[in-house]
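Text of final_23.txt (compact mmCIF, C-alpha atoms) as supplied:
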```
# COMPACT_ATOMS: atom_id res chain seq x y z
CA MET A 427 -6.43 2.83 35.52
CA LYS A 428 -10.13 3.22 34.74
CA ARG A 429 -9.41 4.39 31.21
CA ALA A 430 -7.92 0.99 30.39
CA GLU A 431 -11.32 -0.66 30.95
CA ASN A 432 -12.68 1.17 27.88
CA TYR A 433 -10.21 -0.69 25.65
CA LEU A 434 -10.95 -4.18 26.91
CA GLY A 435 -13.25 -6.34 24.86
CA LYS A 436 -13.26 -9.45 22.76
CA LYS A 437 -12.23 -7.70 19.54
CA PRO A 438 -9.38 -5.21 19.07
CA PHE A 439 -11.34 -3.18 16.46
CA ARG A 440 -14.60 -1.22 16.66
CA PRO A 441 -17.14 -0.09 14.03
CA LEU A 442 -16.17 3.60 14.25
CA ASP A 443 -12.56 2.72 13.35
CA ILE A 444 -13.72 2.95 9.73
CA ALA A 445 -13.94 6.73 10.15
CA VAL A 446 -10.35 6.90 11.41
CA TYR A 447 -9.01 4.69 8.63
CA ALA A 448 -11.00 6.75 6.09
CA LEU A 449 -9.25 9.87 7.42
CA ILE A 450 -5.89 8.11 7.08
CA SER A 451 -6.77 7.14 3.48
CA LEU A 452 -7.59 10.79 2.75
CA LEU A 453 -4.19 11.86 4.10
CA ILE A 454 -2.47 9.24 1.93
CA ALA A 455 -4.42 10.29 -1.18
CA ALA A 456 -3.65 13.97 -0.54
CA SER A 457 0.07 13.27 -0.15
CA PHE A 458 0.09 11.25 -3.41
CA ALA A 459 -1.43 14.25 -5.17
CA PHE A 460 1.46 16.50 -4.11
CA SER A 461 4.34 14.09 -4.57
CA GLY A 462 6.21 13.51 -7.81
CA LYS A 463 9.39 12.07 -9.19
CA THR A 464 12.41 14.14 -10.16
CA SER A 465 15.16 13.38 -12.63
CA GLY A 466 18.15 15.07 -14.18
CA LYS A 467 21.09 14.70 -16.55
CA GLY A 468 23.37 13.78 -13.68
CA PHE A 469 24.07 14.42 -10.02
CA GLU A 470 26.68 15.79 -7.64
CA VAL A 471 27.73 14.41 -4.27
CA TYR A 472 28.83 16.72 -1.46
CA VAL A 473 30.38 15.73 1.89
CA SER A 474 30.58 18.52 4.48
CA GLY A 475 29.96 21.03 1.69
CA GLU A 476 32.83 19.77 -0.46
CA LYS A 477 32.10 18.22 -3.89
CA VAL A 478 33.45 14.68 -4.07
CA LEU A 479 31.70 13.18 -7.09
CA GLU A 480 30.12 14.39 -10.29
CA TYR A 481 28.12 11.80 -12.28
CA THR A 482 26.45 12.08 -15.70
CA PHE A 483 23.92 9.35 -16.51
CA GLY A 484 25.26 7.34 -19.41
CA GLY A 485 28.32 9.60 -19.61
CA GLY A 486 30.74 8.61 -16.86
CA TYR A 487 31.87 10.31 -13.65
CA LEU A 488 34.51 12.52 -12.06
CA VAL A 489 35.92 11.91 -8.59
CA TYR A 490 37.29 14.80 -6.53
CA GLY A 491 39.62 14.03 -3.62
CA ASP A 492 39.93 10.62 -1.98
CA ARG A 493 36.58 10.17 -0.27
CA VAL A 494 34.98 8.17 -3.09
CA THR A 495 36.05 4.67 -4.14
CA VAL A 496 34.46 2.54 -6.82
CA GLN A 497 33.70 -0.95 -5.56
CA SER A 498 33.86 -4.18 -7.57
CA ASP A 499 30.06 -4.24 -8.02
CA GLY A 500 30.05 -0.76 -9.53
CA THR A 501 28.72 1.01 -6.44
CA PHE A 502 30.39 4.07 -4.95
CA ARG A 503 31.63 3.95 -1.36
CA ILE A 504 31.65 7.47 0.03
CA THR A 505 33.77 7.91 3.14
CA CYS A 506 32.51 10.71 5.37
CA ASP A 507 34.11 12.20 8.49
CA ASN A 508 32.33 9.76 10.82
CA GLY A 509 31.27 6.83 8.65
CA TYR A 510 30.39 5.76 5.15
CA ASN A 511 27.54 5.54 2.64
CA VAL A 512 27.34 3.23 -0.37
CA LEU A 513 25.63 4.63 -3.45
CA SER A 514 24.23 2.53 -6.29
CA VAL A 515 23.51 4.21 -9.64
CA ASN A 516 20.94 3.13 -12.23
CA ASP A 517 21.77 4.78 -15.57
CA LYS A 518 18.67 3.38 -17.30
CA GLU A 519 16.24 4.91 -14.79
CA ARG A 520 18.46 7.98 -14.17
CA ASP A 521 18.32 7.32 -10.46
CA ALA A 522 20.64 6.55 -7.54
CA THR A 523 20.02 4.87 -4.18
CA ILE A 524 21.87 4.62 -0.88
CA VAL A 525 22.15 0.85 -0.41
CA SER A 526 23.99 0.86 2.90
CA ALA A 527 25.27 3.28 5.54
CA ASP A 528 26.54 3.18 9.10
CA CYS A 529 24.88 6.37 10.36
CA SER A 530 22.73 6.31 13.51
CA GLY A 531 19.14 5.46 12.70
CA LYS A 532 20.03 4.56 9.09
CA HIS A 533 17.36 6.99 7.85
CA CYS A 534 19.15 7.46 4.53
CA GLU A 535 19.17 3.79 3.57
CA ARG A 536 16.92 3.09 0.59
CA MET A 537 16.67 6.84 -0.10
CA LYS A 538 16.29 7.44 -3.83
CA LEU A 539 17.60 10.45 -5.70
CA SER A 540 14.35 10.56 -7.73
CA SER A 541 12.60 11.75 -4.55
CA GLY A 542 14.38 15.07 -5.03
CA SER A 543 17.68 14.67 -3.23
CA ILE A 544 19.48 12.37 -0.81
CA ILE A 545 20.57 13.77 2.53
CA CYS A 546 22.36 11.95 5.32
CA SER A 547 22.51 14.47 8.17
CA PRO A 548 24.81 12.52 10.53
CA HIS A 549 27.40 12.23 7.73
CA SER A 550 26.79 15.71 6.23
CA LEU A 551 26.20 14.01 2.88
CA VAL A 552 24.10 15.69 0.20
CA ILE A 553 23.38 14.29 -3.26
CA LYS A 554 21.43 16.41 -5.71
CA PHE A 555 20.54 16.42 -9.39
CA VAL A 556 22.27 18.50 -11.97
CA ASP A 557 19.85 20.03 -14.57
CA LYS A 558 16.77 18.84 -12.63
CA ILE A 559 13.59 17.74 -14.46
CA ASP A 560 10.38 17.51 -12.35
CA ASP A 561 7.86 14.86 -13.32
CA PRO A 562 4.65 15.04 -11.29
CA LEU A 563 3.20 11.64 -10.35
CA VAL A 564 -0.40 12.73 -10.60
CA GLY A 565 -2.07 15.38 -12.76
CA MET B 318 -2.07 2.10 43.46
CA THR B 319 0.71 3.43 45.66
CA LYS B 320 2.99 6.25 44.48
CA SER B 321 6.08 4.07 44.53
CA LYS B 322 4.36 1.38 42.44
CA LYS B 323 3.27 4.02 39.92
CA VAL B 324 6.83 5.43 39.66
CA ALA B 325 8.22 1.92 39.21
CA ILE B 326 5.79 1.11 36.40
CA ILE B 327 6.46 4.42 34.61
CA ALA B 328 10.21 3.82 34.90
CA LEU B 329 9.78 0.32 33.52
CA LEU B 330 7.73 1.58 30.56
CA THR B 331 10.35 4.27 29.86
CA ALA B 332 13.17 1.72 29.94
CA LEU B 333 11.29 -0.65 27.62
CA SER B 334 10.53 2.24 25.29
CA LEU B 335 14.20 3.22 25.12
CA ILE B 336 15.43 -0.36 24.63
CA SER B 337 13.04 -0.99 21.75
CA PHE B 338 13.95 2.38 20.18
CA ILE B 339 17.66 1.59 20.29
CA LEU B 340 17.14 -1.94 18.92
CA GLU B 341 15.09 -0.55 16.03
CA SER B 342 17.71 2.08 15.22
CA LEU B 343 20.24 -0.71 14.64
CA LEU B 344 18.05 -2.22 11.94
CA PRO B 345 17.66 -0.78 8.43
CA PRO B 346 14.35 0.94 7.55
CA LEU B 347 11.48 -1.31 6.45
CA PHE B 348 10.94 -0.50 2.78
CA ILE B 349 11.06 3.28 2.75
CA PRO B 350 13.71 5.59 4.21
CA GLY B 351 12.91 6.34 7.84
CA ALA B 352 10.14 3.73 8.15
CA LYS B 353 10.25 1.76 11.39
CA ILE B 354 7.64 -0.27 13.24
CA GLY B 355 7.82 2.06 16.25
CA LEU B 356 7.76 -0.53 19.03
CA ALA B 357 8.59 2.20 21.56
CA ASN B 358 5.16 3.69 20.95
CA ILE B 359 3.53 0.61 22.52
CA PHE B 360 4.88 1.64 25.92
CA THR B 361 4.11 5.34 25.51
CA MET B 362 0.54 4.39 24.60
CA LEU B 363 0.22 2.09 27.61
CA CYS B 364 1.46 4.90 29.85
CA LEU B 365 -1.12 7.27 28.32
CA ILE B 366 -3.97 4.81 28.90
CA TRP B 367 -2.91 3.68 32.37
CA PHE B 368 -1.80 6.99 33.87
CA GLY B 369 -2.69 9.93 31.60
CA LEU B 370 -1.02 12.64 29.50
CA PRO B 371 1.51 14.08 31.99
CA GLU B 372 3.02 10.67 32.71
CA ALA B 373 3.06 9.75 29.01
CA LEU B 374 4.85 13.05 28.25
CA ILE B 375 7.48 12.19 30.87
CA THR B 376 8.00 8.76 29.27
CA LEU B 377 8.26 10.33 25.81
CA ALA B 378 10.66 13.07 26.95
CA ALA B 379 12.89 10.62 28.80
CA LYS B 380 12.99 8.33 25.77
CA ILE B 381 13.86 11.15 23.37
CA LEU B 382 16.58 12.57 25.62
CA LEU B 383 18.16 9.20 26.33
CA ALA B 384 17.92 8.32 22.62
CA ALA B 385 19.87 11.52 21.88
CA VAL B 386 22.65 10.30 24.18
CA PHE B 387 22.92 7.04 22.27
CA GLY B 388 21.94 8.18 18.79
CA GLY B 389 22.97 11.82 18.45
CA PHE B 390 21.24 15.20 18.58
CA SER B 391 19.48 14.71 15.25
CA GLN B 392 17.24 12.18 17.01
CA VAL B 393 15.90 14.96 19.26
CA LEU B 394 15.42 17.34 16.37
CA TYR B 395 13.23 14.97 14.37
CA SER B 396 11.68 12.83 17.14
CA ALA B 397 10.60 15.52 19.59
CA PRO B 398 8.04 17.49 17.53
CA ALA B 399 6.75 14.33 15.83
CA GLY B 400 6.44 12.44 19.13
CA LEU B 401 4.74 15.36 20.87
CA ILE B 402 2.15 15.99 18.16
CA SER B 403 1.32 12.29 17.71
CA LEU B 404 0.96 11.85 21.49
CA LEU B 405 -1.39 14.83 21.70
CA VAL B 406 -3.52 13.38 18.87
CA ALA B 407 -3.66 10.03 20.71
CA PHE B 408 -4.58 11.83 23.95
CA VAL B 409 -7.58 13.55 22.30
CA PHE B 410 -9.00 10.19 21.21
CA VAL B 411 -8.17 8.40 24.49
CA ARG B 412 -9.64 11.22 26.59
CA PHE B 413 -12.82 12.01 24.63
CA LEU B 414 -13.65 8.86 22.62
CA PRO B 415 -12.29 5.91 24.62
CA ASP B 416 -15.35 3.71 24.12
CA LYS B 417 -15.91 4.59 20.43
CA ILE B 418 -12.50 4.23 18.75
CA SER B 419 -10.24 1.23 19.32
CA ILE B 420 -6.63 1.50 20.43
CA CYS B 421 -5.49 0.09 17.04
CA ALA B 422 -7.13 2.93 15.13
CA VAL B 423 -5.73 5.51 17.57
CA CYS B 424 -2.22 4.10 17.21
CA ALA B 425 -2.54 3.96 13.39
CA LEU B 426 -3.57 7.63 13.14
CA SER B 427 -0.95 8.64 15.68
CA ALA B 428 1.75 6.80 13.70
CA VAL B 429 0.72 8.42 10.39
CA ILE B 430 0.84 11.87 11.97
CA HIS B 431 4.19 11.03 13.58
CA ASN B 432 5.73 10.05 10.23
CA LEU B 433 4.36 13.03 8.32
CA THR B 434 5.48 15.47 11.04
CA GLN B 435 8.95 13.93 11.14
CA LEU B 436 9.18 14.19 7.34
CA ALA B 437 8.07 17.83 7.43
CA VAL B 438 10.66 18.69 10.09
CA PHE B 439 13.38 16.86 8.13
CA GLY B 440 12.43 18.79 4.99
CA MET B 441 12.48 22.13 6.83
CA VAL B 442 15.83 21.48 8.53
CA THR B 443 17.66 20.10 5.50
CA GLN B 444 15.82 22.24 2.91
CA ALA B 445 15.46 19.04 0.87
CA SER B 446 12.46 18.04 -1.20
CA VAL B 447 11.05 15.07 0.70
CA ILE B 448 7.36 15.21 -0.23
CA TYR B 449 7.95 12.19 -2.51
CA TYR B 450 8.10 9.90 0.54
CA ALA B 451 4.97 11.28 2.23
CA PRO B 452 2.38 8.81 0.88
CA TYR B 453 4.63 5.79 1.43
CA LEU B 454 5.49 6.85 4.98
CA ALA B 455 1.78 7.43 5.66
CA ILE B 456 0.97 3.89 4.48
CA ALA B 457 3.86 2.48 6.53
CA GLY B 458 2.65 4.45 9.54
CA ALA B 459 -0.91 3.13 9.21
CA LEU B 460 0.34 -0.48 9.06
CA ALA B 461 2.92 -0.10 11.82
CA GLY B 462 0.48 1.80 14.03
CA THR B 463 -2.14 -0.94 13.68
CA ILE B 464 0.47 -3.55 14.68
CA THR B 465 1.61 -1.58 17.74
CA GLY B 466 -2.04 -0.94 18.65
CA LEU B 467 -2.70 -4.68 18.54
CA ALA B 468 0.32 -5.30 20.76
CA ALA B 469 -0.93 -2.72 23.28
CA PHE B 470 -4.42 -4.26 23.17
CA PHE B 471 -3.06 -7.71 24.06
CA VAL B 472 -0.93 -6.28 26.88
CA LEU B 473 -4.05 -4.62 28.33
CA LYS B 474 -6.00 -7.89 28.02
CA ARG B 475 -3.18 -9.83 29.68
CA ARG B 476 -2.95 -7.35 32.52
CA GLU B 477 -6.69 -7.61 33.12
CA HIS B 478 -6.36 -11.41 33.25
CA ILE B 479 -3.43 -11.24 35.73
CA GLN B 480 -5.33 -8.71 37.87
CA LYS B 481 -8.32 -11.06 38.06
CA LEU B 482 -6.04 -13.95 39.09
CA ASN B 483 -4.47 -11.77 41.82
CA GLU B 484 -7.90 -10.78 43.11
CA LYS B 485 -8.86 -14.48 43.26
CA ASP B 486 -5.68 -15.25 45.23
CA VAL B 487 -6.47 -12.47 47.72
CA GLU B 488 -10.02 -13.81 48.17
CA ASN B 489 -8.81 -17.37 48.68
CA ALA B 490 -6.00 -16.40 51.06
```
As structure tokens, the full file:
Amino acid sequence: MKRAENYLGKKPFRPLDIAVYALISLLIAASFAFSGKTSGKGFEVYVSGEKVLEYTFGGGYLVYGDRVTVQSDGTFRITCDNGYNVLSVNDKERDATIVSADCSGKHCERMKLSSGSIICSPHSLVIKFVDKIDDPLVG
Amino acid sequence: MTKSKKVAIIALLTALSLISFILESLLPPLFIPGAKIGLANIFTMLCLIWFGLPEALITLAAKILLAAVFGGFSQVLYSAPAGLISLLVAFVFVRFLPDKISICAVCALSAVIHNLTQLAVFGMVTQASVIYYAPYLAIAGALAGTITGLAAFFVLKRREHIQKLNEKDVENA
């Protein structure tokens, strides 16, 4: 356990940490340069490859089958083979967000459609724009 | 340190790593999809510092495999490459620059690389455009990594203190 002795000291940080955090800042800046928002006229929801919902921003929606129910607060509850996802739509911003889900890890919660698409692998749920418009964040 | 003591400590770190991973998976992500504090990394880091890369790889592998039992195969798919690459990055700093870079900075960089790798793997597997989340996950990784690094630092300090107390007891006995 000799290596542990190198990390013992009064303070948890060291002067050269600035170089590491500068490298992290560079990575963050580079990823901002390549990321951008996406929008579209509407979106489609697929569960296990089957279309269950078609939504047009400011124009209404079409439900296919019985997997989608509209809740009292206007959100869509999508029942998948092994769980559910709740989708909230914002017509003004032309965006949609998963507000709750019961999948393992909950990686899809807070996922926004404006990131490009929403995918919940455990539930085989895919939500993607129709007539996509790319809007780069930078440049 | 005896072999049996070493095995017991590694097993304990693995168990703690798995418990914290499972507890975190029950909670929603922090502010961005997929963002977690990564408490399990505290124990993997401690194993790397106390015992070295092979033992840390065993802890990581055991955690990923057991997490797959509880959380599904997708956990292995996304966690394994990200965990492996971030551990290797941490090993380079721990092995070659232990007295220059603090454990907080190592954990922060390791966490950023973990998040970006996991995002890249997710994008490749699902063919989805996920680059939008990259900067936010990198920021979350830097913050979470610093927190876990601080936790590991205080565990190391505490262990040193307990070791000194034990040595005093042996002298006085």
Discussion item. Using all atoms listed in the file and a cut-off of 7 Å, which residues of chain B sit close to chain A? Please list them as a ChimeraX atom specification.
Written reply: /B:342-343,345-346,349-351,366-368,388,415-422,426,445-449,451-452,455-456,467,470,474
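The coordinates place CA of Ala399 (chain B) at 18.9 Å from CA of Phe387 (chain B).
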Item to complete: One decimal, Å: what's the distance from CA of Val473 (chain A) over to CA of Val494 (chain A), could you say?
Response: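 Separation of CA of Val473 (chain A) and CA of Val494 (chain A): 10.2 Å.
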Can you list, as a compact mmCIF listing (two decimals) with C-alpha atoms, in the frame of the given file, every protein, DNA or RNA residue that comes within 8 Å of Arg493 (chain A) when you count all atoms listed in the file, leaving out same-chain residues fewer than 4 positions away?
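Wrote part-v6.txt, looks like this:
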```
# COMPACT_ATOMS: atom_id res chain seq x y z
CA VAL A 478 33.45 14.68 -4.07
CA ILE A 504 31.65 7.47 0.03
CA THR A 505 33.77 7.91 3.14
CA CYS A 506 32.51 10.71 5.37
```
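Taking only C-alpha atoms into account, Leu363 (chain B) lies nearest to B:Leu404 out of the set B:Leu404, B:Met318, B:Met441, B:Val409.
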